[in-house]
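Remarks on the structure that follows.
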Number of protein chains: 4
Amino acid sequence: MAIATKTGVTSGKRARTKAANRQAILAAARQVFARIGFDATTIRDIIRETDLAAGTFYNYFRSKEEVFEAIADQSTRRFRPLLQTVREQATSFEEYISAAYRAYFSFLKAQNEEAVRDGAPHMALIGVRVDTPEMHAIFDEIRIDLEEVARTTNISLEDSEFLTAAAIGIAREIGDHMLKRRPADVEGATRFATTLLLDGGKALATYGEKDPAPSAH
Amino acid sequence: MAIATKTGVTSGKRARTKAANRQAILAAARQVFARIGFDATTIRDIIRETDLAAGTFYNYFRSKEEVFEAIADQSTRRFRPLLQTVREQATSFEEYISAAYRAYFSFLKAQNEEAVRDGAPHMALIGVRVDTPEMHAIFDEIRIDLEEVARTTNISLEDSEFLTAAAIGIAREIGDHMLKRRPADVEGATRFATTLLLDGGKALATYGEKDPAPSAH
Amino acid sequence: MAIATKTGVTSGKRARTKAANRQAILAAARQVFARIGFDATTIRDIIRETDLAAGTFYNYFRSKEEVFEAIADQSTRRFRPLLQTVREQATSFEEYISAAYRAYFSFLKAQNEEAVRDGAPHMALIGVRVDTPEMHAIFDEIRIDLEEVARTTNISLEDSEFLTAAAIGIAREIGDHMLKRRPADVEGATRFATTLLLDGGKALATYGEKDPAPSAH
Amino acid sequence: MAIATKTGVTSGKRARTKAANRQAILAAARQVFARIGFDATTIRDIIRETDLAAGTFYNYFRSKEEVFEAIADQSTRRFRPLLQTVREQATSFEEYISAAYRAYFSFLKAQNEEAVRDGAPHMALIGVRVDTPEMHAIFDEIRIDLEEVARTTNISLEDSEFLTAAAIGIAREIGDHMLKRRPADVEGATRFATTLLLDGGKALATYGEKDPAPSAH
DNA sequence: CATGAATGAGCATTCATTCAT
DNA sequence: GATGAATGAATGCTCATTCAT
């Protein structure tokens, strides 16, 4: 029906194939990055997970770095709106933090489960690899969002850059440990991280005695 | 007279040489790891910083990983007693945390300054390289020590493993940011990290209004 | 109305397009050969200078060599009549040689200036690229013509093949050096080459002394 | 007898092997350059003609260009003294030219015969390849020497640079044609080139008639 | 015919590792 | 034990060529 000129719509199968190949490379790269880490993976590793030829890689990406970027971009595009929703729905800083951590830990869990499915079992036991494009992207997003929130909130933090850094650090490490516990408890990790970030370790302590804790000065 | 057959005396000079060679390799590796990171360094890079021949490397180590381990061991051996002193002298959990952070940030700063001296100026601007044997070792030590402290203290933490993880995460990230601020302020970082870990972000907040924190609902 | 099926009209536009494509490829090839030399140019280099697709190249030529041949043929066809005119108008062997050299050096100069315009400035400083189809063709033409002239002239040369070869050799080298001197002096080169070929180096020598040439005794 | 310290004489076999390998690479390169030309030869082509491994090439040379240089250097070292002798023994410019041409044509013939022996039969039929390291070197040597001679001779040439260029051009082309005639006649080529360069084509002409050549006025 | 993506052989180069000396 | 040359697998990348559309 639609009379397409030769240069018009890149015709059916071709377009589909091109997009599919690109996705195939991305999927393969995602898998390999997660399995053996960015530095260790070679371009050949990536295309080997594919039914494409070596040279084909270069029709889509110029380097390993570029694939990395592309994957990160995808994650960014998926995660950013989610984070915006979190921010919009939060009625307090606490709520925002809590929701953000929950979003992150959920993402991490899903990510990890996918990796395990794709043949990286031992990695899962050790903890997640953070040199994964998705993780970089997510961290960056959270960092940016958190700094924005810190800046616009009426709470003037002593050092919002440090606080953001700390929030990220907590997410990273708690996240790794969460994964080691099967099944991964997103709510528990979220609650722990949120409380710690806002109220500190003391708020998490339960004192064995009435005595107000010797460590508490 | 002085013409000794190859199988002659085995002690004295030889022993010293053997130890010296091992140390030379370790020193070279340390430098290169700090300069360009673990993944990027090749064995050739290491022996090139040495006056030894390529094959000699294999008389001492079987792989890059093994050198990494060896360096980490050295750091462990140097850092562990220091940490023990910290623990012994601390009269409270707060003091322990504070001293441990201080030790870590000091070490990090020194490490970084050495790296800059050895020709990795740009790295310092970006943040510290954590894929250094020393850093891995230090983290592990602190982690172990912290869990030990958490276990033996009369404060029964809700989840000491998570708390330790968080403490490490905070150290990591705050450390990176500390290095970006020249000159690196070890005391500031220590104070920030300690307060956050123990009392939470709220303790670090200064409210613009009399209103007792909107975030506290 | 204007929606013609692919198998529609075959003449007019199509024919022109076919010829145009062929010409486009030839023009692109000419430029690239002149810019980076025959060996260095790839088919991709050629089609890149064109608005055609990679595969289209093979509808017109089977290889780089074939394009080379085609360009050489064009030059041959353009240069041959010119040379015939030269031959017809020359009233003596000297005149013929002189005119032929002039034609060659002029062509070389034009060729070189075009190459410089097309982005090969450094090449011009080093000397002309002789691995250009045009140059090969011109040399061949001159060679053939010269042998013909030598054969049909009443001057029976000792060895007309060698003489032709020498004439070419002189043209080649003098040509290169002519280009290095800016601006390229076609007349000077022509005069020098002609005199040398006909009367020898002695005719070009000026003796510093009255003494009739020490080298001639 | 000679008690060599470990670092003294690079011991027997090793030294021989190292030199032998270098020579093997050079020999292989020489052959391949002669057979298919500099541009067309790949490093793999070179080592393939050798019983060495691919990587070994890089223990001796950093690139194809470097091998080229090395071969050219060898030729230079062999040819330069020969040229000096020629210059010293020549009692006139004519003699010098003659002897230099003879040296060149001899070298060329030897070179060509070797190439034929080494499996480049068709090349020999076509003519010698001039993009051979040896040829470049020889040409350069002759060029330098000739310019020196032209400068120091009491014959002040109109344009010694052009004359040198022409002498080279003649050598090149006459040389190629000489090779096509089997057996290659070094003396004939030498006589022809010398006469042409010094006295011009007219001196080589034999007029069929008493008539002093119609072309001569 | 034109298109341009896919192909896979081929290339330069690096590197861990071996081993004769 | 030390040496350092040899090895050859592996890598990133290019390119001529094919072929489905």
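Identifiers for the structure tokens are assigned positionally: chains receive A, B, ... in sequence, residues are indexed from 1 per chain, and ligands are indexed from 1 in the order shown.
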Hey, what's within 9 Å of Arg80 of chain D if we count only C-alpha atoms (C1' of nucleotides) and toss same-chain stuff fewer than 5 positions away? As an mmCIF file with N, CA and C atoms, in the first residue's frame, please?
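Saved file around_10.cif follows:
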```cif
data_model
loop_
_atom_site.group_PDB
_atom_site.id
_atom_site.type_symbol
_atom_site.label_atom_id
_atom_site.label_comp_id
_atom_site.auth_asym_id
_atom_site.auth_seq_id
_atom_site.Cartn_x
_atom_site.Cartn_y
_atom_site.Cartn_z
ATOM 1 N N SER D 75 73.789 -2.513 1.123
ATOM 2 C CA SER D 75 74.177 -2.207 -0.251
ATOM 3 C C SER D 75 75.055 -0.969 -0.298
ATOM 4 N N THR D 85 86.616 3.954 -5.486
ATOM 5 C CA THR D 85 87.688 3.462 -6.352
ATOM 6 C C THR D 85 87.515 3.999 -7.758
ATOM 7 N N ILE D 138 71.728 2.236 -4.103
ATOM 8 C CA ILE D 138 72.714 2.465 -5.155
ATOM 9 C C ILE D 138 72.454 3.789 -5.856
ATOM 10 N N GLU D 141 73.585 6.593 -3.724
ATOM 11 C CA GLU D 141 75.044 6.695 -3.706
ATOM 12 C C GLU D 141 75.556 7.368 -4.974
ATOM 13 N N ILE D 142 75.067 6.871 -6.100
ATOM 14 C CA ILE D 142 75.530 7.426 -7.368
ATOM 15 C C ILE D 142 75.174 8.905 -7.461
ATOM 16 N N ASP D 145 77.504 10.887 -5.304
ATOM 17 C CA ASP D 145 78.853 10.888 -5.837
ATOM 18 C C ASP D 145 78.939 11.753 -7.088
#
```
Within 9 Å of chain D, which residues of chain F show up? Give each one with its shortest atom-to-atom distance in Å (one decimal) and the two atoms involved, counting only C-alpha atoms (C1' of nucleotides), rows by chain then rising residue number, as a Markdown table.
```
| residue | atom | partner | partner_atom | distance |
| --- | --- | --- | --- | --- |
| F:DA5 | C1' | D:Asn59 | CA | 7.8 |
| F:DA6 | C1' | D:Thr56 | CA | 6.4 |
| F:DT7 | C1' | D:Ala53 | CA | 6.1 |
| F:DG8 | C1' | D:Ala53 | CA | 6.8 |
```
Next, write the just-selected residues to a file, as a PDB file, in the first residue's frame, keeping N, CA and C atoms (P, O5', C5', C4', C3', O3' and C1' of nucleotides) as the atom set.
```
ATOM      1  P    DA F   5      67.842 -10.967  23.271  1.00  0.00           P
ATOM      2  O5'  DA F   5      67.634 -12.057  22.128  1.00  0.00           O
ATOM      3  C5'  DA F   5      68.463 -13.214  22.129  1.00  0.00           C
ATOM      4  C4'  DA F   5      67.726 -14.391  21.537  1.00  0.00           C
ATOM      5  C3'  DA F   5      66.778 -14.046  20.396  1.00  0.00           C
ATOM      6  O3'  DA F   5      66.857 -15.093  19.448  1.00  0.00           O
ATOM      7  C1'  DA F   5      65.551 -15.019  22.180  1.00  0.00           C
ATOM      8  P    DA F   6      65.787 -15.160  18.274  1.00  0.00           P
ATOM      9  O5'  DA F   6      64.750 -16.216  18.855  1.00  0.00           O
ATOM     10  C5'  DA F   6      65.196 -17.530  19.148  1.00  0.00           C
ATOM     11  C4'  DA F   6      64.002 -18.460  19.230  1.00  0.00           C
ATOM     12  C3'  DA F   6      62.998 -18.292  18.090  1.00  0.00           C
ATOM     13  O3'  DA F   6      62.567 -19.581  17.678  1.00  0.00           O
ATOM     14  C1'  DA F   6      61.942 -17.847  20.186  1.00  0.00           C
ATOM     15  P    DT F   7      61.484 -19.724  16.566  1.00  0.00           P
ATOM     16  O5'  DT F   7      60.160 -19.810  17.425  1.00  0.00           O
ATOM     17  C5'  DT F   7      60.091 -20.787  18.464  1.00  0.00           C
ATOM     18  C4'  DT F   7      58.768 -20.671  19.177  1.00  0.00           C
ATOM     19  C3'  DT F   7      57.574 -20.516  18.246  1.00  0.00           C
ATOM     20  O3'  DT F   7      56.734 -21.651  18.390  1.00  0.00           O
ATOM     21  C1'  DT F   7      57.463 -19.012  20.082  1.00  0.00           C
ATOM     22  P    DG F   8      56.042 -22.273  17.138  1.00  0.00           P
ATOM     23  O5'  DG F   8      54.569 -21.774  17.400  1.00  0.00           O
ATOM     24  C5'  DG F   8      53.972 -22.014  18.670  1.00  0.00           C
ATOM     25  C4'  DG F   8      52.819 -21.065  18.879  1.00  0.00           C
ATOM     26  C3'  DG F   8      51.974 -20.793  17.623  1.00  0.00           C
ATOM     27  O3'  DG F   8      50.633 -20.526  18.033  1.00  0.00           O
ATOM     28  C1'  DG F   8      52.761 -18.806  18.411  1.00  0.00           C
TER      29       DG F   8
END
```
message: Should the cut-off be 9 Å, what would the residue list for chain B against chain E look like, counting only C-alpha atoms (C1' of nucleotides), as a ChimeraX atom specification?
response: /B:42-44,55,58,63
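Atom pair atom CA of Asn112 of chain C / atom CA of Leu204 of chain C has a distance of 27.5 Å (rounded to one decimal).
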field: Residues near Phe79 of chain B, cut-off 10 Å, only C-alpha atoms (C1' of nucleotides), skip fewer than 5 positions along chain, as a list in words
entry: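 That gives Asp73, Gln74, Gln84, Ala103, Tyr104, Phe107, Glu134, Ala137, Ile138, Glu141 and Ile142 of chain B.
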Could the residues in this selection be saved with C-alpha atoms as an mmCIF file, in the first residue's frame?
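Listing of part-v1.cif after writing:
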```cif
data_model
loop_
_atom_site.group_PDB
_atom_site.id
_atom_site.type_symbol
_atom_site.label_atom_id
_atom_site.label_comp_id
_atom_site.auth_asym_id
_atom_site.auth_seq_id
_atom_site.Cartn_x
_atom_site.Cartn_y
_atom_site.Cartn_z
ATOM 1 C CA ASP B 73 50.206 -9.802 51.780
ATOM 2 C CA GLN B 74 52.906 -7.299 52.521
ATOM 3 C CA GLN B 84 45.419 -3.779 66.287
ATOM 4 C CA ALA B 103 44.358 5.213 59.135
ATOM 5 C CA TYR B 104 42.714 4.361 55.854
ATOM 6 C CA PHE B 107 47.227 5.453 53.738
ATOM 7 C CA GLU B 134 47.476 -2.531 48.735
ATOM 8 C CA ALA B 137 44.496 -5.772 51.300
ATOM 9 C CA ILE B 138 43.630 -2.790 53.421
ATOM 10 C CA GLU B 141 41.854 -6.053 56.847
ATOM 11 C CA ILE B 142 39.479 -3.367 57.875
#
```
